[in-house]
Structures are given as structure tokens and as C-alpha cells.
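Student: This is the structure, below, for whatever I ask next.
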Amino acid sequence: MNALLDTKLTLHSLYVDDSVMDEFKRFMGEDGDSLEKELIVLYLKQTPKLVADINNEIRDGKIDALKVHIHSLKGSSGQLGVTGITDYCKDIEEALRQGNLIEADRLIIKLKEVYRQVEEFFTAKL
Amino acid sequence: MPEEKDHILIVEDSDITLYKIKAVLIRLGYDVTAYNNPVTALNWLSNVPIKPDLILLDVVMPQMDGYEFIRRVRGQVQTQKIPIILLTSHLDTRDKIEGLEAGADDYLGKSASLTELELRVKALLARKHVSDASITEISARSIAVFSLRGGVGVSTLSVNLAMAISHLWGIETCLWDMVIGVGQCGLMMNLKPVTTLSTLTDWTEKTVDESILRSMLIKHESGVSLMPAALTVEEAELINTHTIDLVWPIVQTLTPYLIIDAGNHFSDPTLTILERADIILLVLAPELASVNASYQAMKVFDELGFPSGKTLLVVNNIIPSSTLAIEKIATGLKKQPLAEIPYDSRGMVKSLNQGIPYLTTFPKTPTSQAISSLAYRLSSSDMESKKNRETLLQLDSGSKDLPG
């Protein structure tokens, strides 16, 4: 196993909890694999727009809309076990609750980086 | 025959969560309707004739939060008893209290396992079915529609309820108009009376022949047969408690269901009918005078020793925007209304002017759906068990023909 692959696998296990989709696939029986792929396609289709909205809203100070979109991203990421994103969403929600926009902005930058990694893992799965 | 599937509504703004939960519930054998917009979902819920058995609901949604959604669902009689599970990603005590106050039945974290989702859905549906069974156990063959306040739609409800029962089960239903002088039921159905019960005033025998009563009935194409009201006050005075005693044993057996338009004042014949009817639908409008009239009527029923379960409240929204919320009416009268009929005064007036019953002219409006739903609740218990008995009898007689 080369070092790059090793790093990718480590990052994957850091950002994605595979047990969530494994449970879903078990539950769905023979349709599990195809439904997992459909969910991933939907996630990859919708999340970039959500991340872009979040980026614009912190920039423009639209905090109410930002809170709703962070919540939405947290929910959809949770459905696929993307803990790397859900953890950042929780931290951003906490920063927003405290009114700490600088911290929220910093976390959103991190969130975008994590999403790029996740996008890569999921695209490879299709 | 395959068992009827439970129907679940999911309201969740995240398409991904919606997709996943929908797939899981379909896999578990449920019928599923899914909306990612709570406003559209509420609109659907108001108009769909058969309401879902359960709602799975997100809390944070951009157009309307889950708590407001619950309040709106609980504010409508037709939807107020649907169990609701809140889907939430944060479960702190404050959220739980707000959800419970709004009327949620249970919570489920979005990170909960699918097995937990399955078990909670099954548990709530099981509770609902037990509750439904006790609610629909209304065994009423004679239904008196009454109010102590005029103008709240007693005759309209009587006519359309009789029509709905006939239509639902394909049976003849007798509608007995007890309102003196006006012949409102006849007007609404464009039926002209020939003979009324007042002709029995000099009847000296202890019983009256069924054929005599049948000859008084005027048949309407809907399956409703009208026992017309006395057309003048003089004629009405000839109908007394003796007349009611004489005809009651027969009139209640003429058709499977007897609907009586008992009008809006207490007279001896009316009280006799109210006492004998299986149930009384006490009609009221959502305004104070009407609530007060209902309170007075219920007080009289209590003094006369009527069982409290015999009187069922029906809120008829005859005014465009109600001044009294249904919860306040229920609190004031210490009784939950059985049904709420939505407002459609223009349609009602139009059908009255045409002499065509509302249910025929506007069969798909929320008003007609509410009346049909009420008719179903009043008759389904008896009619479904009758159907089951008939099926069993057919099977039984069929089995005799099988070779040994």
C-alpha cells in the first residue's frame, strides 16, 4: 500500500462513518447498493450549492439564512455518515450561537476543505 | 384481501434525508407521501380526503418551522389526532418542551438507527389504531341533528349527511324533517310533500302500518327518502308525542339509517325524538352565542338523563373567519368536537337556490369531504361489520357446494 493511498484511507475514516450507510444497505436488502449510489449522487449534486450559499451568507452577514443552511447540511451529511462535515456544522452552529462570526468564518473555510475531500471519496465510489 | 397499508407523510426540507427515510419506510411496507416544503404539505393535508396515519416532521425548515406546522395540524379537527414524530438533529430539553407544547407525540434524532425509526413508527401507529377503534365504535342508526340556535346549518347538515351515508354504502336513507312550516329539507332537494305525519292525528290504533309511512316518503335520486315536515303551524300542532310514539318503532326500521332534522327549539315532540335517537349531533357555529346555546342544550340533555356520550358536537364554520378557536370551544363545552365543517357559504347558497343538495353540486370541496368523513365515522363501524358478516355468509354457503 503506497503512502498516498494510506493517507486517503486515513482521511476517509476520519470524515466518513461507514457504519451509517452499511446499516442503510443492510436494511434495504438487494436494493441497498443502488440506493446508496443514488443517495451519493443526490448528495454530490446538492451539497456544492449548499456550501456556496453558506460561503456567501457568512460573507454577507445573512445569519438567519446561514443557520438554516448549516442545519440542512448537517442533516443531509448525517444521513450519509459524513461526520467530518456534521462535526464542523455543529461547531459553526455553536460559534453562531455565541455570535462569534470570526470563528464561524474560520470554521466554514475548514468545512469547504473537508467537503472537497469527501467529494473525492464519494466520486470514487460511483 | 391484502391488508390496507398505513400511510405516512414525511415533511423534511433536506431532499437527502427525505429520500433516505422514504426509501426505508417504503421498504417497511408503508405508503409514503413526501414533501420538502411544509407549506405545500399543509395544503395537501387540508385537501386530501383520507388523512395520513402518521407524520414524520423536521423541525428546522426555511418556510415554516415544525412547531408551527404541528400547531396548524392540531388546529383542524380533521387532522388534530394524527400522530406526529419530530425529526430533530438537536434534542435539548428546550426543544423537547417546545415540541410537546405544540403537540408532538414523539421525537427521533436524525442520527438514530433505522431500527429505532422502525420501532417508533410501529409503536405510534399501533397506538393510533387502538385509539381509532374506540373512536369509530359509534353505533348509531338514528341520528338527530339539532341546535338551540337557528341559522347554524342544521337542515343543510341533515340533508347532506343523509346523502353522504346513502352514497357511501349505496343504501336508502330516511331523512325525517321535523322543522315546522318551512320544509327546508324538501326545498334543498327540490321535493314537494304531499302527505305528512299530521294526517295521523286521528289515528286510534296502537300501531301504524309500515306501508302508510312508506307512502309518505318522497324518494330522491340520491337514495335519500324524505319524511316531510308539517307545512303549516296548524298542521304541526297535530304532530305530538303520541304521533312520535306511534311512528317511531316503524320509521326507524324503514332504512338502515334514519337522519332527523330536529330543528332549533325544544318542543315535546322534538324532546321525544332527541331522547329516542341513538345520538344527537349538536351543531354550533364558532361564535359565542352558538357556544352558549350548545351549553344550554347540553345542560337540558344532562337534566333529562341523556348519557353524555350521546351528544356529539359538530362545528359548522358558517362565517368566513371564525372568532373562536376549536380548542376554546372544546374547553368551554368540556367536549371535543367530533367534526368541523369548513366554510363555503357561496356554494351552500347556490345549491339551495338550485334545489340541488350541496354534496351533489360540489362533491369534491373540503366541505363535502368533511361531511362525507363525518358520515363515514358515524356509519363505518356498523356497515363494515355488516359487509364482513355478508362475506362470511357467502363463504359459508359457498363451502356447502364444495365436493366432500
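By convention here, the chains of the C-alpha cells are called A, B, ... in the order presented, each chain's residues are numbered starting at 1, and ligands are numbered starting at 1 in the order presented.
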Would you mind listing what lies within 10 Å of Ile70 in chain A as a PDB file with N, CA and C atoms, in the first residue's frame, with only C-alpha atoms counted and same-chain residues fewer than 4 positions away left out?

Tutor:
```
ATOM      1  N   LEU A  50     -25.185  24.192  -1.555  1.00  0.00           N
ATOM      2  CA  LEU A  50     -25.389  24.491  -0.134  1.00  0.00           C
ATOM      3  C   LEU A  50     -24.121  25.125   0.456  1.00  0.00           C
ATOM      4  N   VAL A  51     -22.976  24.547   0.119  1.00  0.00           N
ATOM      5  CA  VAL A  51     -21.698  25.073   0.620  1.00  0.00           C
ATOM      6  C   VAL A  51     -21.464  26.493   0.068  1.00  0.00           C
ATOM      7  N   ASP A  53     -23.809  28.638  -0.835  1.00  0.00           N
ATOM      8  CA  ASP A  53     -24.753  29.522  -0.127  1.00  0.00           C
ATOM      9  C   ASP A  53     -24.194  29.910   1.244  1.00  0.00           C
ATOM     10  N   ILE A  54     -23.670  28.893   1.949  1.00  0.00           N
ATOM     11  CA  ILE A  54     -23.115  29.123   3.288  1.00  0.00           C
ATOM     12  C   ILE A  54     -21.956  30.129   3.201  1.00  0.00           C
ATOM     13  N   ALA A  65     -30.333  32.958   7.454  1.00  0.00           N
ATOM     14  CA  ALA A  65     -30.278  32.015   6.328  1.00  0.00           C
ATOM     15  C   ALA A  65     -29.101  31.057   6.516  1.00  0.00           C
ATOM     16  N   LEU A  66     -27.999  31.578   7.039  1.00  0.00           N
ATOM     17  CA  LEU A  66     -26.813  30.752   7.275  1.00  0.00           C
ATOM     18  C   LEU A  66     -27.125  29.614   8.258  1.00  0.00           C
ATOM     19  N   LYS A  74     -25.874  19.835   7.883  1.00  0.00           N
ATOM     20  CA  LYS A  74     -25.606  18.893   8.971  1.00  0.00           C
ATOM     21  C   LYS A  74     -26.524  17.670   8.846  1.00  0.00           C
ATOM     22  N   GLY A  75     -27.816  17.946   8.565  1.00  0.00           N
ATOM     23  CA  GLY A  75     -28.793  16.856   8.446  1.00  0.00           C
ATOM     24  C   GLY A  75     -28.488  15.931   7.290  1.00  0.00           C
ATOM     25  N   ILE A  85     -18.167  16.552   8.071  1.00  0.00           N
ATOM     26  CA  ILE A  85     -18.989  17.746   7.814  1.00  0.00           C
ATOM     27  C   ILE A  85     -19.912  18.039   9.003  1.00  0.00           C
ATOM     28  N   THR A  86     -20.558  17.005   9.525  1.00  0.00           N
ATOM     29  CA  THR A  86     -21.508  17.255  10.624  1.00  0.00           C
ATOM     30  C   THR A  86     -20.792  17.856  11.836  1.00  0.00           C
ATOM     31  N   TYR A  88     -18.124  19.797  11.848  1.00  0.00           N
ATOM     32  CA  TYR A  88     -17.878  21.231  11.582  1.00  0.00           C
ATOM     33  C   TYR A  88     -19.179  22.038  11.672  1.00  0.00           C
ATOM     34  N   CYS A  89     -20.271  21.455  11.171  1.00  0.00           N
ATOM     35  CA  CYS A  89     -21.564  22.167  11.234  1.00  0.00           C
ATOM     36  C   CYS A  89     -21.942  22.453  12.683  1.00  0.00           C
ATOM     37  N   LYS A  90     -21.742  21.457  13.541  1.00  0.00           N
ATOM     38  CA  LYS A  90     -22.068  21.656  14.965  1.00  0.00           C
ATOM     39  C   LYS A  90     -21.229  22.776  15.551  1.00  0.00           C
ATOM     40  N   ILE A  92     -19.852  25.243  13.939  1.00  0.00           N
ATOM     41  CA  ILE A  92     -20.276  26.536  13.358  1.00  0.00           C
ATOM     42  C   ILE A  92     -21.560  27.010  14.044  1.00  0.00           C
ATOM     43  N   GLU A  93     -22.478  26.082  14.277  1.00  0.00           N
ATOM     44  CA  GLU A  93     -23.725  26.452  14.975  1.00  0.00           C
ATOM     45  C   GLU A  93     -23.412  27.026  16.354  1.00  0.00           C
ATOM     46  N   ILE A 108     -15.930  27.698   8.530  1.00  0.00           N
ATOM     47  CA  ILE A 108     -16.533  27.482   7.202  1.00  0.00           C
ATOM     48  C   ILE A 108     -15.442  27.224   6.156  1.00  0.00           C
TER      49      ILE A 108
END
```

Student: At a cut-off of 12 Å, which residues of chain B touch chain A? Count only C-alpha atoms and give the answer as a PyMOL selection string.

Tutor: chain B and resi 12-29+36+58-65+87-90+109-118

Student: Restricted to C-alpha atoms, what would the selected residues look like written as a compact mmCIF listing (two decimals), in the first residue's frame?

Tutor:
```
# COMPACT_ATOMS: atom_id res chain seq x y z
CA GLU B 12 -38.42 17.47 5.62
CA ASP B 13 -36.62 20.22 3.72
CA SER B 14 -33.48 18.17 3.05
CA ASP B 15 -34.03 16.11 -0.10
CA ILE B 16 -31.37 13.65 1.00
CA THR B 17 -32.98 12.94 4.38
CA LEU B 18 -36.37 12.81 2.65
CA TYR B 19 -35.10 10.33 0.06
CA LYS B 20 -33.50 8.06 2.62
CA ILE B 21 -36.40 7.95 5.08
CA LYS B 22 -38.89 7.50 2.26
CA ALA B 23 -36.91 4.54 0.90
CA VAL B 24 -36.76 2.96 4.35
CA LEU B 25 -40.49 3.39 5.03
CA ILE B 26 -41.46 2.02 1.61
CA ARG B 27 -39.18 -0.95 2.32
CA LEU B 28 -41.09 -1.45 5.59
CA GLY B 29 -44.34 -1.66 3.64
CA ASN B 36 -39.72 19.16 1.18
CA ASP B 58 -38.48 18.08 10.52
CA VAL B 59 -38.11 20.95 12.99
CA VAL B 60 -35.91 23.49 11.21
CA MET B 61 -37.28 24.37 7.78
CA PRO B 62 -36.95 27.71 5.97
CA GLN B 63 -40.62 28.29 5.08
CA MET B 64 -42.16 27.29 8.43
CA ASP B 65 -40.72 25.54 11.47
CA LEU B 87 -37.20 14.53 13.41
CA THR B 88 -34.55 16.61 15.00
CA SER B 89 -30.82 16.83 15.00
CA HIS B 90 -30.56 18.52 18.39
CA GLY B 109 -32.91 12.10 16.45
CA LYS B 110 -31.83 12.22 12.82
CA SER B 111 -28.79 10.20 13.76
CA ALA B 112 -30.95 7.47 15.30
CA SER B 113 -30.61 3.98 13.87
CA LEU B 114 -33.08 2.81 11.24
CA THR B 115 -34.24 0.10 13.64
CA GLU B 116 -35.18 2.80 16.15
CA LEU B 117 -37.07 4.65 13.41
CA GLU B 118 -38.93 1.44 12.54
```

Student: I'd like the neighbourhood of Lys335 in chain B as an MDAnalysis selection string, where a residue qualifies if any of its atoms comes within 12 Å (using only C-alpha atoms), though same-chain residues fewer than 3 positions away should be ignored.

Tutor: chainID B and resid 282 291 294:295 298 308:315 326:332 338:339

Student: Please save C-alpha atoms of the selected residues as a PDB file, in the first residue's frame.

Tutor:
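part.pdb, freshly written:
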```pdb
ATOM      1  CA  LEU B 282     -75.379  19.194  18.268  1.00  0.00           C
ATOM      2  CA  VAL B 291     -71.487  28.003  22.074  1.00  0.00           C
ATOM      3  CA  SER B 294     -74.969  24.440  22.897  1.00  0.00           C
ATOM      4  CA  TYR B 295     -74.085  24.705  26.575  1.00  0.00           C
ATOM      5  CA  MET B 298     -76.280  20.033  26.851  1.00  0.00           C
ATOM      6  CA  SER B 308     -73.034  12.366  27.851  1.00  0.00           C
ATOM      7  CA  GLY B 309     -71.596  10.244  25.004  1.00  0.00           C
ATOM      8  CA  LYS B 310     -74.896  10.502  23.156  1.00  0.00           C
ATOM      9  CA  THR B 311     -74.312  14.150  22.253  1.00  0.00           C
ATOM     10  CA  LEU B 312     -71.621  14.810  19.654  1.00  0.00           C
ATOM     11  CA  LEU B 313     -70.565  18.315  18.688  1.00  0.00           C
ATOM     12  CA  VAL B 314     -70.239  19.407  15.077  1.00  0.00           C
ATOM     13  CA  VAL B 315     -68.692  22.811  14.437  1.00  0.00           C
ATOM     14  CA  ILE B 326     -61.863  24.982  18.160  1.00  0.00           C
ATOM     15  CA  GLU B 327     -59.765  24.418  21.292  1.00  0.00           C
ATOM     16  CA  LYS B 328     -61.667  27.177  23.099  1.00  0.00           C
ATOM     17  CA  ILE B 329     -64.998  25.645  22.096  1.00  0.00           C
ATOM     18  CA  ALA B 330     -63.812  22.258  23.339  1.00  0.00           C
ATOM     19  CA  THR B 331     -62.632  23.783  26.623  1.00  0.00           C
ATOM     20  CA  GLY B 332     -65.826  25.811  27.097  1.00  0.00           C
ATOM     21  CA  LEU B 338     -66.408  15.243  16.527  1.00  0.00           C
ATOM     22  CA  ALA B 339     -66.135  17.183  13.281  1.00  0.00           C
TER      23      ALA B 339
END
```

Student: Can you list every residue in range 36-191 of chain B that DSSP puts in strand (DSSP E or B), as a PDB file with N, CA and C atoms, in the first residue's frame?

Tutor:
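For reference, selection.pdb as written:
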```
ATOM      1  N   LEU B  54     -49.799   8.894  10.009  1.00  0.00           N
ATOM      2  CA  LEU B  54     -48.677   9.367  10.831  1.00  0.00           C
ATOM      3  C   LEU B  54     -47.917  10.445  10.055  1.00  0.00           C
ATOM      4  N   ILE B  55     -47.330  11.387  10.793  1.00  0.00           N
ATOM      5  CA  ILE B  55     -46.499  12.409  10.144  1.00  0.00           C
ATOM      6  C   ILE B  55     -45.098  12.367  10.766  1.00  0.00           C
ATOM      7  N   LEU B  56     -44.090  12.306   9.910  1.00  0.00           N
ATOM      8  CA  LEU B  56     -42.700  12.468  10.344  1.00  0.00           C
ATOM      9  C   LEU B  56     -42.298  13.877   9.925  1.00  0.00           C
ATOM     10  N   LEU B  57     -41.834  14.668  10.868  1.00  0.00           N
ATOM     11  CA  LEU B  57     -41.713  16.098  10.621  1.00  0.00           C
ATOM     12  C   LEU B  57     -40.365  16.653  11.070  1.00  0.00           C
ATOM     13  N   ASP B  58     -39.732  17.382  10.172  1.00  0.00           N
ATOM     14  CA  ASP B  58     -38.484  18.081  10.515  1.00  0.00           C
ATOM     15  C   ASP B  58     -38.824  19.297  11.372  1.00  0.00           C
ATOM     16  N   ILE B  84     -47.650  12.575  15.434  1.00  0.00           N
ATOM     17  CA  ILE B  84     -46.525  13.267  14.798  1.00  0.00           C
ATOM     18  C   ILE B  84     -45.222  12.911  15.511  1.00  0.00           C
ATOM     19  N   ILE B  85     -44.235  12.495  14.724  1.00  0.00           N
ATOM     20  CA  ILE B  85     -42.882  12.279  15.256  1.00  0.00           C
ATOM     21  C   ILE B  85     -42.013  13.404  14.736  1.00  0.00           C
ATOM     22  N   LEU B  86     -41.364  14.110  15.651  1.00  0.00           N
ATOM     23  CA  LEU B  86     -40.457  15.185  15.232  1.00  0.00           C
ATOM     24  C   LEU B  86     -39.084  14.604  14.933  1.00  0.00           C
ATOM     25  N   LEU B  87     -38.565  14.944  13.768  1.00  0.00           N
ATOM     26  CA  LEU B  87     -37.204  14.528  13.406  1.00  0.00           C
ATOM     27  C   LEU B  87     -36.281  15.693  13.729  1.00  0.00           C
ATOM     28  N   THR B  88     -35.367  15.477  14.610  1.00  0.00           N
ATOM     29  CA  THR B  88     -34.554  16.615  15.003  1.00  0.00           C
ATOM     30  C   THR B  88     -33.099  16.218  15.180  1.00  0.00           C
ATOM     31  N   ASP B 106     -43.874  12.256  19.635  1.00  0.00           N
ATOM     32  CA  ASP B 106     -42.603  11.589  19.910  1.00  0.00           C
ATOM     33  C   ASP B 106     -41.467  12.326  19.196  1.00  0.00           C
ATOM     34  N   TYR B 107     -40.256  11.967  19.556  1.00  0.00           N
ATOM     35  CA  TYR B 107     -39.060  12.553  18.948  1.00  0.00           C
ATOM     36  C   TYR B 107     -38.182  11.469  18.369  1.00  0.00           C
ATOM     37  N   LEU B 108     -37.445  11.837  17.376  1.00  0.00           N
ATOM     38  CA  LEU B 108     -36.440  10.911  16.871  1.00  0.00           C
ATOM     39  C   LEU B 108     -35.259  11.733  16.383  1.00  0.00           C
ATOM     40  N   GLY B 109     -34.105  11.429  16.919  1.00  0.00           N
ATOM     41  CA  GLY B 109     -32.907  12.103  16.447  1.00  0.00           C
ATOM     42  C   GLY B 109     -32.608  11.665  15.025  1.00  0.00           C
ATOM     43  N   SER B 142     -80.078   5.846  14.371  1.00  0.00           N
ATOM     44  CA  SER B 142     -80.939   7.032  14.306  1.00  0.00           C
ATOM     45  C   SER B 142     -80.149   8.231  14.818  1.00  0.00           C
ATOM     46  N   ILE B 143     -79.998   9.226  13.964  1.00  0.00           N
ATOM     47  CA  ILE B 143     -79.130  10.364  14.255  1.00  0.00           C
ATOM     48  C   ILE B 143     -79.958  11.648  14.190  1.00  0.00           C
ATOM     49  N   ALA B 144     -80.118  12.305  15.330  1.00  0.00           N
ATOM     50  CA  ALA B 144     -80.878  13.563  15.352  1.00  0.00           C
ATOM     51  C   ALA B 144     -79.901  14.720  15.239  1.00  0.00           C
ATOM     52  N   VAL B 145     -80.163  15.619  14.304  1.00  0.00           N
ATOM     53  CA  VAL B 145     -79.301  16.798  14.127  1.00  0.00           C
ATOM     54  C   VAL B 145     -80.049  17.979  14.727  1.00  0.00           C
ATOM     55  N   PHE B 146     -79.395  18.686  15.654  1.00  0.00           N
ATOM     56  CA  PHE B 146     -80.129  19.684  16.438  1.00  0.00           C
ATOM     57  C   PHE B 146     -79.220  20.845  16.828  1.00  0.00           C
ATOM     58  N   THR B 173     -81.578   5.962   2.634  1.00  0.00           N
ATOM     59  CA  THR B 173     -81.531   6.568   3.968  1.00  0.00           C
ATOM     60  C   THR B 173     -82.758   7.442   4.153  1.00  0.00           C
ATOM     61  N   CYS B 174     -83.402   7.293   5.300  1.00  0.00           N
ATOM     62  CA  CYS B 174     -84.589   8.109   5.565  1.00  0.00           C
ATOM     63  C   CYS B 174     -84.175   9.417   6.244  1.00  0.00           C
ATOM     64  N   LEU B 175     -84.656  10.521   5.697  1.00  0.00           N
ATOM     65  CA  LEU B 175     -84.412  11.840   6.283  1.00  0.00           C
ATOM     66  C   LEU B 175     -85.753  12.374   6.783  1.00  0.00           C
ATOM     67  N   TRP B 176     -85.846  12.558   8.075  1.00  0.00           N
ATOM     68  CA  TRP B 176     -87.106  12.985   8.691  1.00  0.00           C
ATOM     69  C   TRP B 176     -86.998  14.461   9.032  1.00  0.00           C
ATOM     70  N   ASP B 177     -87.795  15.264   8.339  1.00  0.00           N
ATOM     71  CA  ASP B 177     -87.769  16.714   8.577  1.00  0.00           C
ATOM     72  C   ASP B 177     -88.780  17.047   9.667  1.00  0.00           C
TER      73      ASP B 177
END
```

Student: Excluding Glu103 in chain A and residues on its chain fewer than 6 positions from it, collect all residues at most 12 Å away from it, counting only C-alpha atoms, and give them as an MDAnalysis selection string.

Tutor: chainID A and resid 58 88 91:97 109:110

Student: Report, in Å to a single decimal, how far apart CA of Ala102 in chain B and CA of Glu68 in chain B are.

Tutor: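 Distance reported for this atom pair: 7.5 Å.
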
Student: Give me every alpha helix (DSSP H) residue in range 111-237 of chain B, going by DSSP on the backbone, as a compact mmCIF listing (two decimals) with N, CA and C atoms, in the first residue's frame.

Tutor:
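Now in selection.txt:
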```
# COMPACT_ATOMS: atom_id res chain seq x y z
N LEU B 114 -31.86 3.07 12.01
CA LEU B 114 -33.08 2.81 11.24
C LEU B 114 -34.01 1.86 12.00
N THR B 115 -33.42 1.00 12.83
CA THR B 115 -34.24 0.10 13.64
C THR B 115 -35.07 0.91 14.64
N GLU B 116 -34.44 1.95 15.21
CA GLU B 116 -35.18 2.80 16.15
C GLU B 116 -36.32 3.52 15.42
N LEU B 117 -36.03 4.00 14.22
CA LEU B 117 -37.07 4.65 13.41
C LEU B 117 -38.24 3.67 13.20
N GLU B 118 -37.90 2.46 12.80
CA GLU B 118 -38.93 1.44 12.54
C GLU B 118 -39.78 1.19 13.79
N LEU B 119 -39.12 1.02 14.94
CA LEU B 119 -39.85 0.69 16.17
C LEU B 119 -40.74 1.84 16.63
N ARG B 120 -40.23 3.07 16.52
CA ARG B 120 -41.05 4.21 16.96
C ARG B 120 -42.26 4.40 16.06
N VAL B 121 -42.06 4.24 14.76
CA VAL B 121 -43.18 4.37 13.82
C VAL B 121 -44.22 3.28 14.11
N LYS B 122 -43.76 2.06 14.30
CA LYS B 122 -44.69 0.96 14.57
C LYS B 122 -45.46 1.19 15.86
N ALA B 123 -44.75 1.66 16.89
CA ALA B 123 -45.39 1.87 18.19
C ALA B 123 -46.49 2.95 18.10
N LEU B 124 -46.17 4.05 17.43
CA LEU B 124 -47.17 5.13 17.34
C LEU B 124 -48.37 4.72 16.49
N LEU B 125 -48.10 3.98 15.41
CA LEU B 125 -49.22 3.53 14.56
C LEU B 125 -50.11 2.55 15.34
N ALA B 126 -49.49 1.70 16.14
CA ALA B 126 -50.27 0.74 16.93
C ALA B 126 -51.17 1.50 17.90
N ARG B 127 -50.62 2.53 18.55
CA ARG B 127 -51.42 3.34 19.49
C ARG B 127 -52.57 4.02 18.76
N LYS B 128 -52.27 4.51 17.55
CA LYS B 128 -53.31 5.21 16.78
C LYS B 128 -54.45 4.25 16.43
N HIS B 129 -54.09 3.02 16.04
CA HIS B 129 -55.14 2.09 15.63
C HIS B 129 -56.04 1.72 16.80
N VAL B 130 -55.45 1.59 18.00
CA VAL B 130 -56.27 1.31 19.19
C VAL B 130 -57.21 2.48 19.42
N SER B 131 -56.67 3.70 19.32
CA SER B 131 -57.47 4.90 19.54
C SER B 131 -58.58 5.04 18.48
N ASP B 132 -58.23 4.77 17.22
CA ASP B 132 -59.22 4.86 16.14
C ASP B 132 -60.37 3.88 16.37
N ALA B 133 -60.00 2.68 16.83
CA ALA B 133 -61.02 1.65 17.03
C ALA B 133 -62.04 2.13 18.06
N SER B 134 -61.56 2.81 19.11
CA SER B 134 -62.50 3.28 20.12
C SER B 134 -63.32 4.47 19.60
N ILE B 135 -62.71 5.28 18.72
CA ILE B 135 -63.44 6.44 18.19
C ILE B 135 -64.53 6.00 17.21
N VAL B 154 -78.35 23.36 10.53
CA VAL B 154 -78.87 22.05 10.94
C VAL B 154 -79.50 21.32 9.75
N SER B 155 -80.37 22.03 9.00
CA SER B 155 -81.04 21.37 7.86
C SER B 155 -80.04 20.99 6.78
N THR B 156 -79.11 21.91 6.50
CA THR B 156 -78.10 21.63 5.47
C THR B 156 -77.29 20.39 5.84
N LEU B 157 -76.89 20.32 7.11
CA LEU B 157 -76.10 19.16 7.53
C LEU B 157 -76.95 17.89 7.47
N SER B 158 -78.22 17.98 7.89
CA SER B 158 -79.08 16.80 7.88
C SER B 158 -79.21 16.23 6.46
N VAL B 159 -79.52 17.11 5.51
CA VAL B 159 -79.71 16.68 4.12
C VAL B 159 -78.43 16.05 3.58
N ASN B 160 -77.33 16.76 3.75
CA ASN B 160 -76.07 16.29 3.15
C ASN B 160 -75.50 15.07 3.85
N LEU B 161 -75.76 14.97 5.15
CA LEU B 161 -75.31 13.78 5.89
C LEU B 161 -76.08 12.55 5.41
N ALA B 162 -77.39 12.71 5.24
CA ALA B 162 -78.21 11.59 4.74
C ALA B 162 -77.72 11.18 3.35
N MET B 163 -77.43 12.18 2.52
CA MET B 163 -76.95 11.88 1.17
C MET B 163 -75.61 11.17 1.20
N ALA B 164 -74.72 11.64 2.09
CA ALA B 164 -73.38 11.05 2.17
C ALA B 164 -73.47 9.59 2.61
N ILE B 165 -74.34 9.30 3.57
CA ILE B 165 -74.48 7.90 4.03
C ILE B 165 -75.02 7.02 2.89
N SER B 166 -76.03 7.54 2.18
CA SER B 166 -76.58 6.78 1.04
C SER B 166 -75.50 6.52 -0.01
N HIS B 167 -74.74 7.57 -0.30
CA HIS B 167 -73.70 7.47 -1.33
C HIS B 167 -72.58 6.52 -0.91
N LEU B 168 -72.17 6.63 0.37
CA LEU B 168 -71.06 5.80 0.85
C LEU B 168 -71.35 4.31 0.73
N TRP B 169 -72.57 3.92 1.09
CA TRP B 169 -72.86 2.48 1.19
C TRP B 169 -73.83 1.99 0.14
N GLN B 184 -87.65 22.95 4.84
CA GLN B 184 -86.31 23.28 4.37
C GLN B 184 -85.64 22.11 3.64
N CYS B 185 -85.78 20.91 4.20
CA CYS B 185 -85.13 19.74 3.59
C CYS B 185 -85.71 19.50 2.20
N GLY B 186 -87.04 19.64 2.09
CA GLY B 186 -87.69 19.46 0.79
C GLY B 186 -87.20 20.49 -0.22
N LEU B 187 -87.03 21.73 0.25
CA LEU B 187 -86.53 22.80 -0.63
C LEU B 187 -85.13 22.48 -1.14
N MET B 188 -84.31 22.02 -0.24
CA MET B 188 -82.92 21.73 -0.61
C MET B 188 -82.81 20.60 -1.63
N MET B 189 -83.80 19.71 -1.59
CA MET B 189 -83.75 18.56 -2.50
C MET B 189 -84.77 18.69 -3.63
N GLU B 210 -96.55 -0.10 8.20
CA GLU B 210 -95.35 0.39 7.52
C GLU B 210 -95.69 1.01 6.16
N SER B 211 -96.66 0.41 5.47
CA SER B 211 -96.99 0.91 4.13
C SER B 211 -97.52 2.34 4.17
N ILE B 212 -98.17 2.69 5.28
CA ILE B 212 -98.70 4.06 5.39
C ILE B 212 -97.53 5.05 5.51
N LEU B 213 -96.56 4.67 6.33
CA LEU B 213 -95.40 5.56 6.46
C LEU B 213 -94.60 5.62 5.16
N ARG B 214 -94.49 4.48 4.51
CA ARG B 214 -93.74 4.46 3.24
C ARG B 214 -94.43 5.35 2.19
N SER B 215 -95.74 5.39 2.25
CA SER B 215 -96.46 6.20 1.27
C SER B 215 -96.19 7.70 1.48
N MET B 216 -95.74 8.07 2.68
CA MET B 216 -95.44 9.48 2.95
C MET B 216 -94.04 9.87 2.47
N VAL B 233 -98.15 25.80 10.71
CA VAL B 233 -98.12 25.69 12.17
C VAL B 233 -99.30 24.86 12.65
N GLU B 234 -100.47 25.07 12.03
CA GLU B 234 -101.68 24.33 12.42
C GLU B 234 -101.45 22.83 12.22
N GLU B 235 -100.84 22.51 11.08
CA GLU B 235 -100.57 21.10 10.78
C GLU B 235 -99.56 20.54 11.78
N ALA B 236 -98.57 21.36 12.09
CA ALA B 236 -97.51 20.92 13.00
C ALA B 236 -98.06 20.62 14.39
N GLU B 237 -99.06 21.40 14.80
CA GLU B 237 -99.62 21.18 16.13
C GLU B 237 -100.30 19.81 16.25
```

Student: Between B:Asn240, B:Asn353, B:Ser46, B:Thr207, which residue has the minimum interatomic distance to Leu271 in chain B, considering only C-alpha atoms?

Tutor: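 Comparing B:Asn240, B:Asn353, B:Ser46, B:Thr207 against Leu271 in chain B, the winner is B:Asn240.
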
Student: Could you check how far CA of Thr33 in chain B sits from CA of Ile82 in chain B, in Å to one decimal?

Tutor: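 We find that CA of Thr33 in chain B and CA of Ile82 in chain B lie 14.5 Å from each other.
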
Student: So, counting only C-alpha atoms, which residue among B:Pro193, B:Gly305, B:Ile273, B:Tyr67 is closest to Ile97 in chain B?

Tutor: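 Between B:Pro193, B:Gly305, B:Ile273, B:Tyr67, the residue approaching Ile97 in chain B most closely is B:Tyr67.
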
Student: Rounded to one decimal place, report the CA of Ala104 in chain B-CA of Gln336 in chain B distance in Å.

Tutor: 18.6 Å
